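Colleague: See upload_18.tsv below, with TSV, C-alpha atoms and all ligand atoms.
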```tsv
chain	number	residue	atom	x	y	z
A	76	MET	CA	24.05	28.16	-16.20
A	77	LYS	CA	20.42	27.12	-16.03
A	78	ILE	CA	18.59	27.21	-12.73
A	79	ALA	CA	15.29	25.52	-11.90
A	80	VAL	CA	12.90	26.97	-9.30
A	81	THR	CA	9.70	25.27	-8.12
A	82	SER	CA	6.85	27.73	-8.36
A	83	THR	CA	3.16	28.25	-7.71
A	84	GLY	CA	2.84	30.23	-10.98
A	85	LYS	CA	4.34	30.81	-14.41
A	86	THR	CA	6.26	34.01	-13.73
A	87	LEU	CA	9.39	35.04	-11.89
A	88	GLU	CA	7.19	37.01	-9.48
A	89	SER	CA	5.15	33.94	-8.46
A	90	ALA	CA	5.72	32.51	-5.01
A	91	ILE	CA	8.04	29.53	-4.65
A	92	ASP	CA	6.25	26.24	-4.08
A	93	PRO	CA	8.20	24.36	-1.40
A	94	ARG	CA	7.29	20.93	-2.80
A	95	PHE	CA	9.55	19.66	-5.55
A	96	GLY	CA	7.62	16.80	-7.17
A	97	ARG	CA	4.22	18.35	-6.57
A	98	ALA	CA	4.77	22.00	-7.44
A	99	PRO	CA	2.42	23.25	-10.21
A	100	TYR	CA	5.28	24.79	-12.22
A	101	ILE	CA	9.02	24.45	-12.49
A	102	LEU	CA	10.66	27.62	-13.85
A	103	ILE	CA	13.85	27.29	-15.89
A	104	ILE	CA	15.94	30.45	-15.64
A	105	GLU	CA	19.26	31.51	-17.18
A	106	SER	CA	21.36	32.69	-14.26
A	107	GLU	CA	23.56	35.03	-16.38
A	108	ASP	CA	20.79	37.47	-17.27
A	109	GLY	CA	17.87	36.19	-15.17
A	110	GLU	CA	15.80	35.40	-18.26
A	111	LEU	CA	12.87	33.02	-17.84
A	112	LEU	CA	13.47	30.32	-20.47
A	113	GLU	CA	10.56	28.04	-19.72
A	114	ALA	CA	7.79	27.37	-17.23
A	115	ILE	CA	7.39	23.58	-17.13
A	116	ASP	CA	3.78	22.64	-16.45
A	117	ASN	CA	4.26	20.06	-13.72
A	118	ALA	CA	0.51	19.44	-13.20
A	119	ALA	CA	0.34	15.95	-14.72
A	120	ASN	CA	3.32	15.03	-12.65
A	121	SER	CA	2.11	16.62	-9.42
A	122	GLY	CA	-1.05	14.53	-9.61
A	123	ALA	CA	0.93	11.34	-10.20
A	124	PHE	CA	0.31	8.56	-7.76
A	125	ARG	CA	3.95	7.73	-7.29
A	126	GLY	CA	7.37	8.84	-8.30
A	127	ALA	CA	6.41	12.48	-8.90
A	128	GLY	CA	9.76	13.61	-7.53
A	129	ILE	CA	11.66	11.27	-9.83
A	130	GLN	CA	9.79	12.49	-12.90
A	131	ALA	CA	10.32	16.12	-11.88
A	132	ALA	CA	14.01	15.37	-11.43
A	133	LYS	CA	14.12	13.91	-14.93
A	134	ALA	CA	12.36	16.98	-16.38
A	135	VAL	CA	14.94	19.21	-14.71
A	136	ALA	CA	17.93	17.05	-15.69
A	137	ASP	CA	16.73	16.74	-19.31
A	138	ARG	CA	16.99	20.52	-19.58
A	139	LYS	CA	20.62	20.44	-18.48
A	140	VAL	CA	19.94	22.44	-15.35
A	141	GLY	CA	22.86	22.93	-12.96
A	142	VAL	CA	21.03	24.05	-9.83
A	143	LEU	CA	17.57	23.43	-8.42
A	144	LEU	CA	16.13	25.81	-5.85
A	145	THR	CA	13.13	24.48	-3.92
A	146	GLY	CA	11.69	23.90	-0.45
A	147	HIS	CA	11.90	20.19	0.26
A	148	CYS	CA	13.34	17.31	-1.68
A	149	GLY	CA	12.67	13.65	-0.89
A	150	PRO	CA	15.23	10.83	-1.05
A	151	ASN	CA	14.30	9.37	-4.46
A	152	ALA	CA	14.23	12.74	-6.21
A	153	PHE	CA	17.44	13.68	-4.46
A	154	SER	CA	19.35	10.63	-5.68
A	155	ALA	CA	17.98	11.17	-9.19
A	156	LEU	CA	19.16	14.80	-9.16
A	157	GLU	CA	22.49	13.78	-7.70
A	158	ALA	CA	22.99	11.21	-10.48
A	159	ALA	CA	22.35	13.92	-13.05
A	160	GLY	CA	24.76	16.31	-11.33
A	161	VAL	CA	22.08	18.83	-10.33
A	162	LYS	CA	22.91	20.66	-7.12
A	163	VAL	CA	19.93	21.17	-4.80
A	164	GLY	CA	19.32	24.27	-2.69
A	165	THR	CA	16.46	23.61	-0.26
A	166	GLU	CA	14.50	25.73	2.26
A	167	GLN	CA	13.90	28.43	-0.37
A	168	LYS	CA	11.21	31.06	0.27
A	169	GLY	CA	9.76	34.15	-1.42
A	170	THR	CA	9.66	34.40	-5.22
A	171	ALA	CA	11.85	32.93	-7.96
A	172	LEU	CA	13.43	36.39	-8.30
A	173	ASP	CA	14.42	36.34	-4.63
A	174	ALA	CA	15.94	32.87	-5.01
A	175	ILE	CA	17.95	33.89	-8.08
A	176	GLU	CA	19.17	36.94	-6.19
A	177	ARG	CA	20.34	34.74	-3.31
A	178	PHE	CA	22.06	32.45	-5.80
A	179	LYS	CA	23.95	35.35	-7.38
A	180	LYS	CA	25.09	36.51	-3.95
A	181	ASN	CA	26.36	32.99	-3.20
A	182	GLU	CA	23.92	32.70	-0.33
A	183	ILE	CA	22.58	29.26	-1.22
A	184	VAL	CA	23.67	26.36	0.96
A	185	PHE	CA	23.50	23.23	-1.14
A	186	ALA	CA	21.97	20.17	0.44
A	187	ALA	CA	24.09	17.09	1.01
A	188	LYS	CA	21.07	14.91	1.69
A	189	PRO	CA	17.29	14.88	1.17
A	190	ASN	CA	15.22	16.94	3.62
A	191	ALA	CA	11.85	15.24	3.21
A	192	GLU	CA	10.32	11.78	3.59
A	193	ALA	CA	9.53	9.59	0.60
A	194	HIS	CA	5.93	9.79	-0.61
A	195	TRP	CA	4.39	6.38	-0.88
B	146	MET	CA	-16.40	-20.57	-1.32
B	147	ILE	CA	-14.14	-17.67	-0.44
B	148	VAL	CA	-15.09	-15.43	2.49
B	149	ALA	CA	-13.01	-12.36	3.30
B	150	VAL	CA	-13.09	-10.84	6.78
B	151	ALA	CA	-12.34	-7.12	6.70
B	152	SER	CA	-12.64	-4.07	8.94
B	153	GLY	CA	-12.25	-0.33	8.49
B	154	LYS	CA	-9.64	-0.14	11.22
B	155	GLY	CA	-7.47	-2.41	13.32
B	156	GLY	CA	-8.50	-3.78	16.70
B	157	THR	CA	-12.19	-4.30	15.97
B	158	GLY	CA	-12.09	-8.06	16.42
B	159	LYS	CA	-11.58	-8.98	12.77
B	160	THR	CA	-9.11	-11.73	13.61
B	161	THR	CA	-11.41	-13.00	16.38
B	162	VAL	CA	-14.19	-13.43	13.83
B	163	ALA	CA	-11.97	-14.98	11.15
B	164	THR	CA	-10.34	-17.51	13.48
B	165	SER	CA	-13.60	-18.46	15.22
B	166	LEU	CA	-15.36	-18.98	11.92
B	167	ALA	CA	-12.53	-21.27	10.81
B	168	LEU	CA	-12.54	-23.27	14.05
B	169	ALA	CA	-16.34	-23.58	14.06
B	170	LEU	CA	-16.27	-25.08	10.57
B	171	GLY	CA	-13.31	-27.35	11.38
B	172	SER	CA	-12.11	-29.58	8.54
B	173	ARG	CA	-14.48	-27.82	6.12
B	174	SER	CA	-12.44	-24.63	6.39
B	175	GLN	CA	-9.11	-23.15	5.49
B	176	ILE	CA	-7.80	-19.92	6.99
B	177	LEU	CA	-5.46	-17.62	5.08
B	178	ASP	CA	-3.95	-14.65	6.90
B	179	CYS	CA	-3.60	-11.91	4.27
B	180	ASP	CA	-2.69	-9.21	6.80
B	181	VAL	CA	0.93	-9.74	5.79
B	182	GLU	CA	2.23	-6.65	7.60
B	183	GLU	CA	0.92	-7.92	10.90
B	184	PRO	CA	-0.32	-11.49	10.62
B	185	ASN	CA	-1.85	-12.43	13.95
B	186	CYS	CA	-4.22	-15.33	13.31
B	187	HIS	CA	-1.33	-17.55	14.37
B	188	ILE	CA	-1.34	-16.03	17.85
B	189	LEU	CA	-4.86	-17.33	18.46
B	190	LEU	CA	-4.60	-20.50	16.39
B	191	LYS	CA	-1.06	-21.67	17.24
B	192	PRO	CA	-0.74	-23.62	13.99
B	193	GLU	CA	1.83	-26.27	13.31
B	194	ILE	CA	3.82	-24.92	10.35
B	195	THR	CA	4.80	-27.73	8.01
B	196	ASP	CA	5.99	-25.88	4.94
B	197	SER	CA	7.28	-22.44	3.95
B	198	TYR	CA	8.85	-20.74	0.96
B	199	PRO	CA	10.19	-17.27	0.12
B	200	VAL	CA	8.41	-14.89	-2.24
B	201	ASN	CA	10.46	-12.63	-4.48
B	202	LEU	CA	9.65	-9.90	-6.95
B	203	PRO	CA	11.77	-9.60	-10.12
B	204	VAL	CA	13.26	-6.11	-10.28
B	205	PRO	CA	15.49	-4.67	-13.02
B	206	SER	CA	19.24	-4.45	-12.94
B	207	VAL	CA	20.87	-2.56	-15.81
B	208	ASP	CA	24.07	-3.64	-17.52
B	209	LYS	CA	25.77	-0.27	-18.16
B	210	GLU	CA	28.01	-1.78	-20.85
B	211	LYS	CA	25.06	-2.78	-23.00
B	212	CYS	CA	22.77	0.20	-22.30
B	213	SER	CA	22.51	2.72	-25.14
B	214	LEU	CA	20.72	5.33	-22.98
B	215	CYS	CA	17.64	5.23	-25.21
B	216	GLY	CA	15.28	5.83	-22.26
B	217	LYS	CA	12.58	3.36	-23.36
B	218	CYS	CA	12.61	1.57	-20.00
B	219	GLY	CA	11.71	4.74	-18.15
B	220	GLU	CA	8.96	5.64	-20.60
B	221	VAL	CA	7.18	2.33	-20.11
B	222	CYS	CA	7.43	2.21	-16.32
B	223	GLN	CA	4.29	3.59	-14.67
B	224	PHE	CA	5.91	3.71	-11.27
B	225	SER	CA	9.10	5.68	-11.98
B	226	ALA	CA	11.03	2.69	-10.72
B	227	ILE	CA	13.47	2.98	-13.61
B	228	VAL	CA	14.44	6.25	-15.26
B	229	LEU	CA	17.04	7.59	-17.65
B	230	ILE	CA	18.45	10.69	-16.06
B	231	GLY	CA	21.50	12.48	-17.39
B	232	GLN	CA	23.89	9.78	-18.56
B	233	THR	CA	22.64	7.01	-16.31
B	234	VAL	CA	19.70	4.70	-15.92
B	235	LEU	CA	18.64	4.74	-12.29
B	236	THR	CA	16.50	2.09	-10.67
B	237	PHE	CA	14.38	2.41	-7.53
B	238	PRO	CA	13.76	-1.23	-6.61
B	239	GLU	CA	11.40	-0.34	-3.75
B	240	LEU	CA	9.02	1.34	-6.24
B	241	CYS	CA	9.13	-1.54	-8.74
B	242	HIS	CA	6.03	-3.69	-9.14
B	243	GLY	CA	7.88	-6.42	-11.02
B	244	CYS	CA	5.76	-6.19	-14.17
B	245	GLY	CA	8.72	-6.98	-16.41
B	246	ALA	CA	7.81	-4.40	-19.06
B	247	CYS	CA	11.17	-2.62	-18.98
B	248	SER	CA	13.27	-5.72	-19.57
B	249	ILE	CA	10.97	-6.90	-22.38
B	250	LEU	CA	11.13	-3.51	-24.08
B	251	CYS	CA	14.84	-2.82	-23.76
B	252	PRO	CA	16.21	-2.94	-27.33
B	253	GLU	CA	19.73	-3.71	-26.11
B	254	ARG	CA	18.69	-6.53	-23.74
B	255	ALA	CA	20.59	-4.62	-21.10
B	256	ILE	CA	18.09	-5.29	-18.32
B	257	GLN	CA	18.30	-8.39	-16.19
B	258	GLU	CA	15.76	-9.27	-13.56
B	259	VAL	CA	17.09	-9.84	-10.08
B	260	PRO	CA	15.00	-11.00	-7.12
B	261	ARG	CA	13.91	-8.66	-4.36
B	262	ARG	CA	12.67	-10.54	-1.29
B	263	LEU	CA	9.11	-9.59	-0.37
B	264	GLY	CA	8.48	-12.07	2.40
B	265	VAL	CA	7.55	-15.67	3.09
B	266	ILE	CA	4.52	-17.93	2.84
B	267	GLU	CA	4.01	-20.35	5.72
B	268	MET	CA	1.58	-23.26	5.63
B	269	GLY	CA	0.40	-25.82	8.14
B	270	PHE	CA	-2.54	-27.01	10.20
B	271	VAL	CA	-4.56	-26.05	13.26
B	272	LYS	CA	-6.06	-29.43	14.20
B	273	ASP	CA	-7.92	-30.19	10.94
B	274	VAL	CA	-8.10	-26.60	9.67
B	275	GLU	CA	-5.69	-25.73	6.86
B	276	PHE	CA	-3.58	-22.69	7.72
B	277	VAL	CA	-1.72	-20.29	5.39
B	278	GLN	CA	-0.10	-16.97	6.14
B	279	GLY	CA	2.08	-14.43	4.39
B	280	ARG	CA	4.65	-12.50	6.35
B	281	ILE	CA	6.26	-9.42	4.80
B	282	ARG	CA	9.99	-8.78	5.10
B	283	ILE	CA	10.75	-6.01	7.60
B	284	GLY	CA	11.31	-2.78	5.71
B	285	GLU	CA	9.38	-3.95	2.65
B	286	ALA	CA	6.45	-1.71	1.72
B	287	MET	CA	4.83	-3.52	-1.17
B	288	SER	CA	2.35	-6.07	0.12
B	289	PRO	CA	-0.07	-6.76	-2.78
B	290	PRO	CA	2.19	-9.22	-4.66
B	291	LEU	CA	2.72	-11.17	-1.42
B	292	ILE	CA	-1.03	-11.15	-0.73
B	293	ARG	CA	-1.67	-12.48	-4.24
B	294	GLU	CA	0.79	-15.28	-3.53
B	295	VAL	CA	-1.08	-16.16	-0.31
B	296	LYS	CA	-4.26	-16.33	-2.38
B	297	THR	CA	-2.77	-18.82	-4.84
B	298	ARG	CA	-2.95	-21.25	-1.88
B	299	ILE	CA	-6.77	-21.01	-1.67
B	300	ASN	CA	-8.32	-24.47	-1.51
B	301	ARG	CA	-11.50	-24.33	-3.59
B	302	ASP	CA	-12.93	-27.43	-1.92
B	303	LYS	CA	-13.07	-25.67	1.44
B	304	VAL	CA	-14.56	-22.54	2.89
B	305	ALA	CA	-11.49	-20.35	2.44
B	306	ILE	CA	-11.48	-17.59	5.07
B	307	LEU	CA	-9.26	-14.63	4.24
B	308	ASP	CA	-8.23	-12.38	7.13
B	309	ALA	CA	-7.79	-9.03	5.33
B	310	PRO	CA	-5.53	-6.19	6.47
B	311	PRO	CA	-7.42	-3.38	8.26
B	312	GLY	CA	-8.42	-0.24	6.37
B	313	ALA	CA	-9.66	0.36	2.84
B	314	SER	CA	-6.48	0.70	0.80
B	315	CYS	CA	-4.88	-1.32	-1.98
B	316	PRO	CA	-3.87	-4.35	0.13
B	317	VAL	CA	-7.47	-4.68	1.34
B	318	ILE	CA	-8.84	-4.60	-2.20
B	319	THR	CA	-6.18	-7.10	-3.31
B	320	THR	CA	-7.36	-9.44	-0.55
B	321	VAL	CA	-11.13	-9.22	-1.00
B	322	LYS	CA	-11.13	-9.23	-4.82
B	323	ASN	CA	-12.76	-12.40	-6.23
B	324	SER	CA	-14.23	-13.34	-2.85
B	325	ASP	CA	-17.79	-14.62	-2.74
B	326	PHE	CA	-18.68	-12.69	0.39
B	327	VAL	CA	-17.13	-10.06	2.66
B	328	ILE	CA	-17.73	-9.97	6.42
B	329	MET	CA	-17.15	-6.44	7.75
B	330	VAL	CA	-16.30	-6.32	11.44
B	331	THR	CA	-16.97	-3.08	13.28
B	332	GLU	CA	-17.58	-1.52	16.67
B	333	PRO	CA	-20.67	0.57	17.43
B	334	THR	CA	-18.82	3.84	18.01
B	335	PRO	CA	-18.68	7.01	15.88
B	336	PHE	CA	-15.07	6.20	14.88
B	337	GLY	CA	-16.00	2.62	14.09
B	338	LEU	CA	-18.90	3.75	11.94
B	339	ASN	CA	-16.79	6.25	10.04
B	340	ASP	CA	-14.18	3.61	9.19
B	341	LEU	CA	-16.91	1.12	8.33
B	342	GLU	CA	-18.45	3.55	5.84
B	343	ILE	CA	-15.10	4.13	4.11
B	344	ALA	CA	-14.38	0.40	3.85
B	345	VAL	CA	-17.90	-0.44	2.65
B	346	GLU	CA	-17.67	2.20	-0.06
B	347	ALA	CA	-14.30	0.88	-1.25
B	348	ILE	CA	-15.53	-2.72	-1.42
B	349	GLU	CA	-18.97	-1.88	-2.84
B	350	ASP	CA	-17.36	-1.09	-6.19
B	351	LEU	CA	-16.25	-4.72	-6.51
B	352	GLY	CA	-19.86	-5.90	-6.43
B	353	ILE	CA	-19.25	-8.50	-3.70
B	354	PRO	CA	-22.10	-9.13	-1.22
B	355	MET	CA	-21.29	-7.92	2.29
B	356	GLY	CA	-22.56	-8.45	5.80
B	357	VAL	CA	-21.65	-6.85	9.11
B	358	VAL	CA	-20.57	-8.25	12.48
B	359	ILE	CA	-20.78	-5.75	15.33
B	360	ASN	CA	-18.26	-6.55	18.01
B	361	ARG	CA	-18.63	-5.22	21.58
B	362	CYS	CA	-22.17	-4.43	20.47
B	363	ASP	CA	-23.15	-3.17	23.91
B	364	ILE	CA	-20.50	-0.44	24.31
B	365	GLY	CA	-21.74	2.18	21.88
B	366	ASP	CA	-24.76	3.61	20.11
B	367	SER	CA	-27.16	2.31	17.48
B	368	ASP	CA	-25.85	4.42	14.59
B	369	SER	CA	-23.93	1.51	13.05
B	370	LYS	CA	-27.09	-0.61	13.02
B	371	ASP	CA	-29.06	2.23	11.45
B	372	TYR	CA	-26.36	2.59	8.81
B	373	CYS	CA	-26.54	-1.14	7.98
B	374	ALA	CA	-30.31	-0.95	7.69
B	375	ARG	CA	-30.09	2.09	5.41
B	376	LYS	CA	-27.46	0.41	3.24
B	377	GLY	CA	-29.30	-2.90	3.16
B	378	LEU	CA	-26.31	-4.63	4.76
B	379	PRO	CA	-27.35	-7.76	6.68
B	380	LEU	CA	-26.35	-7.82	10.35
B	381	LEU	CA	-24.68	-11.23	10.62
B	382	MET	CA	-23.84	-11.32	14.30
B	383	GLU	CA	-23.53	-9.16	17.39
B	384	ILE	CA	-20.85	-10.07	19.89
B	385	PRO	CA	-21.24	-8.49	23.34
B	386	ASN	CA	-18.37	-7.08	25.37
B	387	HIS	CA	-18.17	-10.18	27.55
B	388	ARG	CA	-15.49	-10.54	30.21
B	389	LYS	CA	-14.88	-14.19	29.27
B	390	ILE	CA	-14.16	-13.22	25.63
B	391	ALA	CA	-11.74	-10.46	26.57
B	392	GLU	CA	-9.91	-12.65	29.09
B	393	GLY	CA	-9.67	-15.45	26.55
B	394	TYR	CA	-8.36	-13.10	23.90
B	395	ALA	CA	-5.72	-11.75	26.29
B	396	ARG	CA	-4.51	-15.31	26.87
B	397	GLY	CA	-4.59	-16.11	23.15
B	398	VAL	CA	-7.76	-18.24	23.36
B	399	PRO	CA	-10.15	-17.96	20.40
B	400	LEU	CA	-13.73	-16.83	21.02
B	401	VAL	CA	-15.31	-20.21	20.16
B	402	GLU	CA	-13.11	-21.85	22.77
B	403	SER	CA	-13.73	-19.38	25.59
B	404	MET	CA	-17.48	-19.35	24.75
B	405	PRO	CA	-18.33	-22.69	23.03
B	406	GLU	CA	-21.96	-21.60	22.56
B	407	TYR	CA	-20.63	-19.44	19.71
B	408	VAL	CA	-19.71	-22.47	17.59
B	409	ASP	CA	-23.31	-22.79	16.42
B	410	LYS	CA	-23.64	-19.05	15.85
B	411	PHE	CA	-20.65	-19.09	13.54
B	412	ARG	CA	-21.95	-22.20	11.75
B	413	ASN	CA	-25.28	-20.48	11.22
B	414	MET	CA	-23.51	-17.42	9.90
B	415	SER	CA	-21.61	-19.60	7.44
B	416	ASP	CA	-24.89	-21.18	6.27
B	417	TYR	CA	-26.38	-17.75	5.77
B	418	ILE	CA	-23.34	-16.68	3.74
B	419	LEU	CA	-23.48	-19.82	1.61
B	420	ASN	CA	-27.07	-18.95	0.69
B	421	ASN	CA	-26.37	-15.28	0.01
B	422	LYS	CA	-22.98	-15.31	-1.61
B	423	HIS	CA	-22.05	-14.12	-5.04
C	1	LIG	S1	9.56	-4.22	-13.90
C	1	LIG	FE1	7.82	-2.88	-14.39
C	1	LIG	S2	7.55	-1.69	-12.48
C	1	LIG	FE2	9.58	-2.61	-12.37
C	1	LIG	S3	10.95	-1.05	-13.21
C	1	LIG	FE3	10.39	-2.40	-14.92
C	1	LIG	S4	8.63	-1.39	-15.86
C	1	LIG	FE4	8.87	-0.48	-13.84
C	2	LIG	S1	15.75	0.54	-22.47
C	2	LIG	FE1	17.67	-0.58	-22.22
C	2	LIG	S2	19.10	0.49	-23.54
C	2	LIG	FE2	17.37	1.83	-23.29
C	2	LIG	S3	17.94	3.14	-21.55
C	2	LIG	FE3	16.79	1.43	-20.72
C	2	LIG	S4	18.35	-0.05	-20.14
C	2	LIG	FE4	19.33	1.39	-21.53
```
Will you turn the file into structure tokens for me?
Modeller:
Amino acid sequence: MKIAVTSTGKTLESAIDPRFGRAPYILIIESEDGELLEAIDNAANSGAFRGAGIQAAKAVADRKVGVLLTGHCGPNAFSALEAAGVKVGTEQKGTALDAIERFKKNEIVFAAKPNAEAHW
Amino acid sequence: MIVAVASGKGGTGKTTVATSLALALGSRSQILDCDVEEPNCHILLKPEITDSYPVNLPVPSVDKEKCSLCGKCGEVCQFSAIVLIGQTVLTFPELCHGCGACSILCPERAIQEVPRRLGVIEMGFVKDVEFVQGRIRIGEAMSPPLIREVKTRINRDKVAILDAPPGASCPVITTVKNSDFVIMVTEPTPFGLNDLEIAVEAIEDLGIPMGVVINRCDIGDSDSKDYCARKGLPLLMEIPNHRKIAEGYARGVPLVESMPEYVDKFRNMSDYILNNKH
């Protein structure tokens, strides 16, 4: 299954960016072998005036990702991810590698609701 | 002539200036409260409302049967208010600006427009002054379309006085756009000056002549005056921190009624504006 992690950089060793819509990069990782498939450049999106979270959710869903690991997720992005069947693990810290490790050990608690305010 | 009354922050006396200017000009004026989130001209003016109507914004509703999941609607929307995600088209009505692009572009004609209530327009009179206000629906966040609707009520034969929302953001620009003159109301304090500078810079870009009214002119320092001089902004009026004004305001009495000597001052200000407008 594919996993998306919001990141400050392009590698698995980069620190997780807690913001979903406004993270510089979104890493797409194959959970089976931990391979980094793609680092989505989210810059255009993160500078967007509105709806950054929704566009990021679309980018993730378009890549048929099953799980998103991030810090916070606002209500609009959350409902978009929910509609696409992407499970959201929030409050993630450390690097993408750490998050994948936690996922493999079944340590992720998936969010049932958004944990951030909408950005107007 | 259209005169907008603005201020960098709330509570500077913007509404005091707008309402007093309207009352001083009497039947020559029309007042339009564009501060739709918190319209309060009516508190001082106590208008008789004779007419009102609701204002709606057309937002998309997708017929899932007809939709082919082509995604064109989401590509055209600048506000992410409609998006194809997975196997569904999601809409976020509260982000929609009602531009209609998505429904026009949908190849399957799967998008219908349904109304979202923004608020109401209320119209009436204060003695012989025409009164108009917009009032946003509680929980609604998008005020510019409602402000534009208020402005369709502008009577070109009168001095139309627009009471703008406080600040320097989009609703303020929506209000002051196409005005002939902007009156900036401020207080002579460091905070007041800071907010004044931000608002002046935002409005400057529109190329509309501006002037400044300093309210409670005797409570602070002279920095605001120095700023106006530096910027070449005319000082239209200074209103002292008079007990009679404050007491009147607290009881909902407009400045020109608690201090009738201000009627002429406001008339003179209007004459000055007429000669220096756009
Ligand atoms: S009407 Fe305009 S703003 Fe609203 S969803 Fe359609 S394209 Fe977006
Ligand atoms: S443009 Fe029309 S057909 Fe295409 S995804 Fe949107 S609603 Fe469906």
Colleague: Let me make sure I understand: among A:Ala174, A:Ala186, A:Ala134, A:Gly109, which one has the smallest atom-to-atom distance to A:Pro150 if we use only C-alpha atoms?
Modeller: A:Ala186
Colleague: Skipping near chain neighbours, those fewer than 3 positions away, what residues fall within 8 Å of stretch 398-406 of chain B using all atoms listed in the file, listed as a PDB file with C-alpha atoms, keeping the file's coordinate frame?
Modeller:
```pdb
ATOM      1  CA  THR B 161     -11.410 -13.000  16.380  1.00  0.00           C
ATOM      2  CA  VAL B 162     -14.190 -13.430  13.830  1.00  0.00           C
ATOM      3  CA  THR B 164     -10.340 -17.510  13.480  1.00  0.00           C
ATOM      4  CA  SER B 165     -13.600 -18.460  15.220  1.00  0.00           C
ATOM      5  CA  LEU B 168     -12.540 -23.270  14.050  1.00  0.00           C
ATOM      6  CA  ALA B 169     -16.340 -23.580  14.060  1.00  0.00           C
ATOM      7  CA  LEU B 189      -4.860 -17.330  18.460  1.00  0.00           C
ATOM      8  CA  LEU B 190      -4.600 -20.500  16.390  1.00  0.00           C
ATOM      9  CA  LYS B 389     -14.880 -14.190  29.270  1.00  0.00           C
ATOM     10  CA  ILE B 390     -14.160 -13.220  25.630  1.00  0.00           C
ATOM     11  CA  GLY B 393      -9.670 -15.450  26.550  1.00  0.00           C
ATOM     12  CA  TYR B 394      -8.360 -13.100  23.900  1.00  0.00           C
ATOM     13  CA  ALA B 395      -5.720 -11.750  26.290  1.00  0.00           C
ATOM     14  CA  ASP B 409     -23.310 -22.790  16.420  1.00  0.00           C
ATOM     15  CA  LYS B 410     -23.640 -19.050  15.850  1.00  0.00           C
TER      16      LYS B 410
END
```
Colleague: Taking all atoms listed in the file into account, which residues of chain A are within 10 Å of chain B, as an NGL selection string?
Modeller: :A and (123-130 or 132-139 or 151 or 154-161 or 195)
Colleague: As a quick test: using all atoms listed in the file, which residues lie no more than 9 Å away from ligand LIG 2 (chain C)? Give them as a compact mmCIF listing (two decimals) with C-alpha atoms, in the coordinates of the input.
Modeller:
```txt
# COMPACT_ATOMS: atom_id res chain seq x y z
CA PRO B 205 15.49 -4.67 -13.02
CA SER B 206 19.24 -4.45 -12.94
CA VAL B 207 20.87 -2.56 -15.81
CA ASP B 208 24.07 -3.64 -17.52
CA LYS B 209 25.77 -0.27 -18.16
CA LYS B 211 25.06 -2.78 -23.00
CA CYS B 212 22.77 0.20 -22.30
CA SER B 213 22.51 2.72 -25.14
CA LEU B 214 20.72 5.33 -22.98
CA CYS B 215 17.64 5.23 -25.21
CA GLY B 216 15.28 5.83 -22.26
CA LYS B 217 12.58 3.36 -23.36
CA CYS B 218 12.61 1.57 -20.00
CA GLY B 219 11.71 4.74 -18.15
CA GLU B 220 8.96 5.64 -20.60
CA ILE B 227 13.47 2.98 -13.61
CA VAL B 228 14.44 6.25 -15.26
CA LEU B 229 17.04 7.59 -17.65
CA THR B 233 22.64 7.01 -16.31
CA VAL B 234 19.70 4.70 -15.92
CA CYS B 247 11.17 -2.62 -18.98
CA SER B 248 13.27 -5.72 -19.57
CA ILE B 249 10.97 -6.90 -22.38
CA LEU B 250 11.13 -3.51 -24.08
CA CYS B 251 14.84 -2.82 -23.76
CA PRO B 252 16.21 -2.94 -27.33
CA GLU B 253 19.73 -3.71 -26.11
CA ARG B 254 18.69 -6.53 -23.74
CA ALA B 255 20.59 -4.62 -21.10
CA ILE B 256 18.09 -5.29 -18.32
```
Colleague: Stretch 159-176 of chain A, all listed atoms, 8 Å padding on each side: what axis-aligned box centre and edge lengths in Å to one decimal come out, as JSON?
Modeller:
```
{"center_x": 17.2, "center_y": 25.4, "center_z": -5.4, "size_x": 31.1, "size_y": 39.0, "size_z": 31.3}
```
Colleague: What is the atom CA of B:Leu202 to atom CA of B:Gly312 distance in Å?
Modeller: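 Atom CA of B:Leu202 sits 24.4 Å away from atom CA of B:Gly312.
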Colleague: For ligand LIG 1 (chain C), which residue out of B:Asn420, B:Thr195, B:Thr157, B:Gln257 is the nearest one, using only C-alpha atoms and all ligand atoms?
Modeller: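 Residue with the minimum atom-to-atom distance to ligand LIG 1 (chain C): B:Gln257.
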Colleague: Would you please work out which residue, of B:Arg412, B:Thr320, B:Cys373, B:Gly279, is nearest to B:Ala167 when using only C-alpha atoms?
Modeller: B:Arg412
Colleague: To one decimal place, how far is atom CA of B:Val274 from atom CA of B:Asp180 in Å?
Modeller: 18.4 Å
Colleague: Provide the atom CA of B:Ala305 to atom CA of B:Ile283 distance in Å, to one decimal place.
Modeller: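 Between atom CA of B:Ala305 and atom CA of B:Ile283 the gap works out to 27.0 Å.
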Colleague: For ligand LIG 1 (chain C), which residue among B:His423, B:Arg173, B:Lys376, B:His242 is the nearest when counting all atoms listed in the file?
Modeller: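 Smallest distance to ligand LIG 1 (chain C) is found for B:His242.
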Colleague: If you count only C-alpha atoms, which residues fall within 8 Å of A:Met76, apart from same-chain ones fewer than 4 positions away, as a list in words?
Modeller: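 Contacts, in chain order: Glu105, Ser106, Glu107, Val140 and Gly141 of chain A.
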Colleague: Dig up all the protein and nucleic acid residues within 9 Å of (-0.3, -5.2, 11.9) in the file frame, using all atoms listed in the file, and format them as a PyMOL selection string.
Modeller: chain B and resi 155+180-185+310-311
Colleague: Return the single residue from B:Asp273, B:Cys244, B:Val259, B:Ile188 that is closest to ligand LIG 1 (chain C), with distances computed using only C-alpha atoms and all ligand atoms.
Modeller: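 Of all the options, B:Cys244 lies closest to ligand LIG 1 (chain C).
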